[in-house]
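In what follows, a single structure is set out as C-alpha cells and then discussed.
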Amino acid sequence: MTTPSLAPKIQSEMEVDLIAVGSGMGASCAALAAQAQGLETVILEKSDRFGGGTTYSYGIVWVGDNHLEKSLGIEDSREDAYNYLHHLAAGHELESNLRAYIDTSPEALRFFCDDVGIPFYVVPGFPDYFQGMAPGSLGEGRNLQVRPFEAKSLGAWQEHLRAAPAVTHRATFEEVASWGGRARPQNWDRQLIRERMEKDIRTFGAGLIGHLMSAVLRRNIPFHLETQVQSLVLEDGRVRGVIAKQGRNEIRIMARRGVVLATGSNIRNESLTRRFSEMHATESLLPPSVDGDSVVMAGEIGAAISVKPMFQQDLLYVIPGEEHYGVPLYRGVTNNESGFPHSILVNLDGNRFADESIGQQVGATLRNF
C-alpha cells in the first residue's frame, strides 16, 4: 500500500492519461475504472482530506436490476428501473444519459464489487423513496450500501481521510432501523457505537469513501491533496489538461485522454446559487471545499450549464458555535423531526405546505411556502 512519502508535491509539469478532479465517489470511481483499463491516472483534491461530499452522505448507491438483488431472489428489470427514474425526472432528464445509466450501472456495480473489492450489499427492507407512488418502483433491492470500514486499516493515511460529523456514520441502515430509527436515538446500541468510534469504524458515506480510498491506495493510483485545479487547458477546442496550484506553485498537468470534473455541488458558491437556484441560501451540509469549482471551470470554456428544477432540498439548522472543519455545522431537519409521528410543518399562516413523510421533498416545496 502506498504511504504518504510516496505522494510528494508535483515539482513541475506532468502528463497522464486521465485527470480526476475531486476525491469523492465520482472522482475515485473514474480513476479506478480508468486504471483498470491500463490508463495512467491521477486524482487532484484541493482540500487536505480525501473524500469530498461523499463522506457526509448516506452512501447509498441506487442500481436497478443489479446482480446483488438477483442473488437474493428479488425480481427486477431494467425497464422497470427506467420507468421509475423517468417518472421522477418529470421530463427534465436527458434521454441518452438516463438510458446509459440504466444500461451500464449494473455492469459498473459488478466491476466495483468483483474487481475492485468494494463490499456493496442490498440494504434489507429499504424501498425506493416513492415506492407505490411511481411506476416501476420496488420495495427492496435497488438501494445498496457498503460494509463498515475500519479507517485504521489505512495506516498513515487515516488522518487524511475526511471524517463525517454525524454519529449515524457509525451504524448501518438496518441497525438504525432495528433500534427504532433516527427518531429514537435513546434506543440505539450505545455500546456498539462507542466501540466503533474507538476503533474508527465508519459506515454510510464515510464508510463508502473509506473503501474507495483503500482501493485507490491498493492500486497505487497517485493522488495529491491540497492541489487546487484553477482552470482547464484548452487547445484546438479540446480540453488537454489543467492548471493547478500547490501552495504558491502553479503546475500544468496535461491529460492524453481527458479530464473528469467531479467536485460536487455549487451551493456554497453565492454567485452561482443566486443565478441558478430557486432559493438563494448558501448554507450547506457539505464540507467547505465543495463550492462549485467544476461548474465555474467548465463554464469558463463555454460548456452549457443544465439547470434543473429543485426537486430535493433539506431544511437546515445550526447550533451557534458548533463547527466542523472551520465552518458552521449545519444539520438537516427533514429526515428527523418532520418524520416524527403526529408532526406537521406549517408556514407563518399556519398552513401545511408539504407531505412531511417524504423528507426529500419538504425543502423543495418551500417554493409554495
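Each chain of the C-alpha cells is named A, B, ... in the order shown, its residues numbered from 1; ligands are numbered from 1 in display order.
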
Query raised in the report: Contacts of region 161-170 of chain A at 9 Å or less, counting only C-alpha atoms, minus same-chain residues fewer than 3 places along, as a VMD selection string?
Result: chain A and resid 48 to 52 55 to 58 148 151 154 157 to 158 173 176 182 192 to 194 196 to 197 200 to 207 209 to 210 213 324 329 331

Store the residues of this selection in a file with C-alpha atoms, as a tab-separated table (two decimals), in the first residue's frame.
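Result file is part_26.tsv:
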chain	number	residue	atom	x	y	z
A	48	ASP	CA	-6.23	18.39	2.88
A	49	ARG	CA	-8.69	15.48	3.21
A	50	PHE	CA	-9.75	12.72	0.83
A	51	GLY	CA	-13.48	12.13	0.38
A	52	GLY	CA	-15.37	15.28	-0.58
A	55	THR	CA	-18.23	11.45	3.22
A	56	TYR	CA	-21.26	13.30	4.59
A	57	SER	CA	-23.80	11.39	2.51
A	58	TYR	CA	-25.85	8.30	3.32
A	148	PRO	CA	-18.48	-0.96	7.78
A	151	ALA	CA	-10.24	3.54	9.00
A	154	LEU	CA	-5.26	2.92	6.11
A	157	TRP	CA	-3.24	7.75	5.51
A	158	GLN	CA	-6.01	7.54	8.14
A	173	PHE	CA	-29.15	1.34	7.86
A	176	VAL	CA	-30.62	2.05	12.82
A	182	ARG	CA	-33.32	8.08	13.80
A	192	LEU	CA	-21.66	-0.68	19.74
A	193	ILE	CA	-21.45	2.97	18.65
A	194	ARG	CA	-18.82	3.65	21.33
A	196	ARG	CA	-16.88	1.74	16.59
A	197	MET	CA	-15.87	5.28	17.49
A	200	ASP	CA	-12.76	4.39	13.98
A	201	ILE	CA	-15.12	2.09	12.14
A	202	ARG	CA	-17.21	4.08	9.66
A	203	THR	CA	-20.45	3.48	7.78
A	204	PHE	CA	-22.76	5.38	5.41
A	205	GLY	CA	-20.85	7.74	3.10
A	206	ALA	CA	-17.85	7.80	5.42
A	207	GLY	CA	-17.57	4.03	5.09
A	209	ILE	CA	-15.29	6.68	0.78
A	210	GLY	CA	-13.04	4.74	3.15
A	213	MET	CA	-9.64	5.37	-0.71
A	324	HIS	CA	-16.75	21.28	11.52
A	329	LEU	CA	-22.01	22.68	11.21
A	331	ARG	CA	-27.84	19.64	10.32

Excluding Ser12 (chain A) and its own-chain neighbours fewer than 6 positions away, which residues fall within 10 Å of it when counting only C-alpha atoms? Please give them as an mmCIF file with C-alpha atoms, in the first residue's frame.
data_model
loop_
_atom_site.group_PDB
_atom_site.id
_atom_site.type_symbol
_atom_site.label_atom_id
_atom_site.label_comp_id
_atom_site.auth_asym_id
_atom_site.auth_seq_id
_atom_site.Cartn_x
_atom_site.Cartn_y
_atom_site.Cartn_z
ATOM 1 C CA ASN A 249 3.434 26.836 -7.043
ATOM 2 C CA GLU A 250 1.374 26.780 -10.237
ATOM 3 C CA ILE A 251 1.520 23.499 -12.122
ATOM 4 C CA ARG A 252 0.452 22.471 -15.607
ATOM 5 C CA ILE A 253 -0.823 18.889 -15.787
#

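The gap separating CA of Ile102 (chain A) from CA of Asp128 (chain A) is 15.2 Å, in Å to one decimal.
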
Requested in this report: Mind checking which residues fall within 9 Å of region 108-124 of chain A, counting only C-alpha atoms, ignoring those fewer than 5 positions away in the same chain, and posting them as a list in words?
Outcome: Cys29, Leu32, Ala33, Ala36, Ile60, Val61, Val63, Asn66, His67, Leu68, Glu69, Leu72, Glu140, Gly141, Arg142, Asn143, Leu144, Gln145, Val146, Arg147, Pro148, Thr172, Phe173, Glu174, Leu208, His211, Leu212 and Ala215 of chain A

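Between Ser214 (chain A) and the residues A:Glu195, A:Glu226, A:Glu150, A:Glu175, the shortest atom-to-atom distance, using only C-alpha atoms, involves A:Glu150.
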
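The neighbours of Val290 (chain A) here are the residues that come within 9 Å of it, using only C-alpha atoms and leaving out any residue fewer than 4 positions away in the same chain; they are Gly52, Gly53, Thr263, Gly264, Ser265, Asn266, Ile267, Arg268, Asn269 and Leu286 of chain A.
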
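Residues in contact range of Ala31 (chain A), defined as at most 9 Å between only C-alpha atoms, with sequence neighbours fewer than 5 positions away removed, read Leu18, Ile19, Ala20, Gly26, Ala36, Leu39, Glu40, Thr41, Val42, Ile43, Val216, Ile221 and Val260 of chain A.
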
Report task. Name the residues of region 156-250 of chain A that come out as helix (DSSP H, G or I) in a backbone DSSP run; write them as a PyMOL selection string. Result -> chain A and resi 156-160+167-170+173-178+185-187+190-199+204-218

I need the chosen residues saved as a CSV table (one decimal), in the first residue's frame, with N, CA and C atoms.
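Produced file result-v4.csv, reproduced below:
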chain,number,residue,atom,x,y,z
A,156,ALA,N,-0.9,5.2,7.9
A,156,ALA,CA,-0.5,6.6,8.0
A,156,ALA,C,-1.5,7.5,7.2
A,157,TRP,N,-2.3,6.9,6.3
A,157,TRP,CA,-3.2,7.7,5.5
A,157,TRP,C,-4.5,8.0,6.3
A,158,GLN,N,-4.7,7.4,7.4
A,158,GLN,CA,-6.0,7.5,8.1
A,158,GLN,C,-6.3,9.0,8.4
A,159,GLU,N,-5.3,9.8,8.8
A,159,GLU,CA,-5.6,11.2,9.2
A,159,GLU,C,-5.9,12.0,8.0
A,160,HIS,N,-5.7,11.5,6.8
A,160,HIS,CA,-6.1,12.3,5.6
A,160,HIS,C,-7.4,11.9,5.0
A,167,VAL,N,-23.0,11.0,14.2
A,167,VAL,CA,-22.9,9.8,14.8
A,167,VAL,C,-23.5,8.6,14.0
A,168,THR,N,-24.5,8.9,13.2
A,168,THR,CA,-25.1,7.9,12.4
A,168,THR,C,-24.1,7.2,11.4
A,169,HIS,N,-23.0,7.9,11.2
A,169,HIS,CA,-22.0,7.3,10.3
A,169,HIS,C,-21.1,6.2,11.0
A,170,ARG,N,-21.7,5.7,12.1
A,170,ARG,CA,-21.1,4.5,12.8
A,170,ARG,C,-22.0,3.3,12.8
A,173,PHE,N,-27.7,1.0,8.0
A,173,PHE,CA,-29.2,1.3,7.9
A,173,PHE,C,-30.0,0.3,8.6
A,174,GLU,N,-29.7,-1.0,8.4
A,174,GLU,CA,-30.5,-2.0,9.1
A,174,GLU,C,-30.4,-1.9,10.6
A,175,GLU,N,-29.2,-1.5,11.1
A,175,GLU,CA,-29.0,-1.4,12.5
A,175,GLU,C,-29.9,-0.2,13.1
A,176,VAL,N,-29.8,0.9,12.4
A,176,VAL,CA,-30.6,2.0,12.8
A,176,VAL,C,-32.1,1.7,12.8
A,177,ALA,N,-32.5,1.0,11.8
A,177,ALA,CA,-34.0,0.6,11.7
A,177,ALA,C,-34.3,-0.3,12.8
A,178,SER,N,-33.5,-1.3,13.2
A,178,SER,CA,-33.8,-2.2,14.2
A,178,SER,C,-33.8,-1.6,15.6
A,185,PRO,N,-33.2,7.8,19.1
A,185,PRO,CA,-31.8,7.6,19.4
A,185,PRO,C,-31.6,7.0,20.8
A,186,GLN,N,-32.6,7.2,21.7
A,186,GLN,CA,-32.4,6.7,23.1
A,186,GLN,C,-32.4,5.1,23.1
A,187,ASN,N,-32.9,4.5,22.0
A,187,ASN,CA,-32.9,3.1,21.9
A,187,ASN,C,-31.7,2.5,21.2
A,190,ARG,N,-25.7,1.9,22.3
A,190,ARG,CA,-24.6,2.9,22.5
A,190,ARG,C,-23.2,2.2,22.7
A,191,GLN,N,-23.3,1.0,23.2
A,191,GLN,CA,-22.0,0.3,23.4
A,191,GLN,C,-21.4,0.0,22.1
A,192,LEU,N,-22.2,-0.4,21.1
A,192,LEU,CA,-21.7,-0.7,19.7
A,192,LEU,C,-21.1,0.6,19.1
A,193,ILE,N,-21.9,1.7,19.2
A,193,ILE,CA,-21.5,3.0,18.7
A,193,ILE,C,-20.1,3.4,19.3
A,194,ARG,N,-20.0,3.3,20.6
A,194,ARG,CA,-18.8,3.6,21.3
A,194,ARG,C,-17.6,2.8,20.8
A,195,GLU,N,-17.8,1.5,20.7
A,195,GLU,CA,-16.7,0.7,20.2
A,195,GLU,C,-16.3,1.0,18.8
A,196,ARG,N,-17.2,1.4,18.0
A,196,ARG,CA,-16.9,1.7,16.6
A,196,ARG,C,-16.2,3.1,16.5
A,197,MET,N,-16.6,4.0,17.4
A,197,MET,CA,-15.9,5.3,17.5
A,197,MET,C,-14.4,5.1,18.0
A,198,GLU,N,-14.2,4.2,19.0
A,198,GLU,CA,-12.9,4.0,19.5
A,198,GLU,C,-12.0,3.3,18.4
A,199,LYS,N,-12.6,2.4,17.6
A,199,LYS,CA,-11.8,1.7,16.6
A,199,LYS,C,-11.9,2.5,15.2
A,204,PHE,N,-22.1,4.4,6.3
A,204,PHE,CA,-22.8,5.4,5.4
A,204,PHE,C,-21.7,5.9,4.4
A,205,GLY,N,-21.8,7.2,4.1
A,205,GLY,CA,-20.9,7.7,3.1
A,205,GLY,C,-19.4,7.7,3.6
A,206,ALA,N,-19.2,7.9,4.9
A,206,ALA,CA,-17.8,7.8,5.4
A,206,ALA,C,-17.2,6.4,5.2
A,207,GLY,N,-18.1,5.4,5.3
A,207,GLY,CA,-17.6,4.0,5.1
A,207,GLY,C,-17.3,3.8,3.6
A,208,LEU,N,-18.2,4.3,2.8
A,208,LEU,CA,-18.0,4.1,1.3
A,208,LEU,C,-16.7,4.8,0.8
A,209,ILE,N,-16.5,6.0,1.3
A,209,ILE,CA,-15.3,6.7,0.8
A,209,ILE,C,-14.0,6.0,1.4
A,210,GLY,N,-14.2,5.5,2.6
A,210,GLY,CA,-13.0,4.7,3.1
A,210,GLY,C,-12.6,3.5,2.3
A,211,HIS,N,-13.6,2.8,1.9
A,211,HIS,CA,-13.4,1.6,1.0
A,211,HIS,C,-12.8,2.1,-0.3
A,212,LEU,N,-13.3,3.2,-0.9
A,212,LEU,CA,-12.7,3.7,-2.2
A,212,LEU,C,-11.3,4.2,-2.0
A,213,MET,N,-11.0,4.9,-0.9
A,213,MET,CA,-9.6,5.4,-0.7
A,213,MET,C,-8.7,4.2,-0.5
A,214,SER,N,-9.1,3.2,0.2
A,214,SER,CA,-8.3,2.0,0.3
A,214,SER,C,-8.0,1.3,-1.0
A,215,ALA,N,-9.0,1.3,-1.9
A,215,ALA,CA,-8.8,0.7,-3.2
A,215,ALA,C,-7.9,1.5,-4.0
A,216,VAL,N,-8.0,2.8,-4.0
A,216,VAL,CA,-7.1,3.7,-4.7
A,216,VAL,C,-5.6,3.5,-4.2
A,217,LEU,N,-5.4,3.3,-2.9
A,217,LEU,CA,-4.1,3.1,-2.4
A,217,LEU,C,-3.6,1.7,-2.8
A,218,ARG,N,-4.4,0.7,-2.7
A,218,ARG,CA,-4.0,-0.7,-3.1
A,218,ARG,C,-3.5,-0.7,-4.5

Requested in this report: Can you list, as JSON, numbers by chain, all residues belonging to region 119-289 of chain A that DSSP tags as strand (DSSP E)?
Outcome: {"A": [120, 121, 122, 143, 144, 145, 146, 149, 150, 201, 202, 223, 224, 228, 229, 230, 231, 232, 233, 234, 235, 238, 239, 240, 241, 242, 243, 244, 245, 246, 249, 250, 251, 252, 253, 254, 255, 256, 257, 258, 259, 260, 261]}

**Report entry** Non-local contacts of Lys308 (chain A) (9 Å; only C-alpha atoms; under 4 positions in same chain excluded) as a ChimeraX atom specification
**Finding:** /A:92-93,276-277

Report task. Quote the spacing between CA of Thr273 (chain A) and CA of Val233 (chain A) in Å to one decimal place. Result -> 25.6 Å

Query raised in the report: So what do you get for CA of Leu138 (chain A) versus CA of Asp76 (chain A), distance-wise?
Result: 7.8 Å

Query raised in the report: Could you name the residues that touch Arg99 (chain A) at 12 Å or less, counting only C-alpha atoms, but leaving out those on the same chain fewer than 5 positions away, as a PyMOL selection string?
Result: chain A and resi 64+78-79+81-83+85-86+93-94+104-105

Write to file, as a compact mmCIF listing (two decimals), in the first residue's frame, the residues of the selection just made, with N, CA and C atoms.
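Once written, out05.txt looks like this:
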# COMPACT_ATOMS: atom_id res chain seq x y z
N GLY A 64 -30.71 -0.27 -10.49
CA GLY A 64 -31.81 -1.16 -10.84
C GLY A 64 -31.32 -2.43 -11.51
N ARG A 78 -34.68 -3.87 -16.07
CA ARG A 78 -34.16 -2.57 -16.48
C ARG A 78 -35.29 -1.65 -16.93
N GLU A 79 -36.32 -2.23 -17.50
CA GLU A 79 -37.43 -1.40 -17.96
C GLU A 79 -38.17 -0.79 -16.77
N ALA A 81 -36.82 -0.16 -13.86
CA ALA A 81 -35.91 0.85 -13.31
C ALA A 81 -35.96 2.12 -14.14
N TYR A 82 -36.01 1.95 -15.46
CA TYR A 82 -36.11 3.12 -16.34
C TYR A 82 -37.43 3.86 -16.10
N ASN A 83 -38.53 3.14 -16.04
CA ASN A 83 -39.83 3.79 -15.84
C ASN A 83 -39.87 4.58 -14.54
N LEU A 85 -37.22 6.01 -12.82
CA LEU A 85 -36.43 7.24 -12.91
C LEU A 85 -37.03 8.22 -13.90
N HIS A 86 -37.57 7.71 -14.99
CA HIS A 86 -38.20 8.58 -15.99
C HIS A 86 -39.37 9.34 -15.37
N GLU A 93 -35.05 15.00 -17.79
CA GLU A 93 -33.86 14.19 -17.99
C GLU A 93 -33.37 14.28 -19.43
N LEU A 94 -32.10 13.95 -19.65
CA LEU A 94 -31.57 13.76 -20.99
C LEU A 94 -31.70 12.27 -21.29
N THR A 104 -25.81 0.63 -18.03
CA THR A 104 -24.42 0.36 -17.64
C THR A 104 -24.18 0.28 -16.13
N SER A 105 -25.09 0.81 -15.32
CA SER A 105 -24.85 0.79 -13.87
C SER A 105 -24.78 -0.62 -13.29
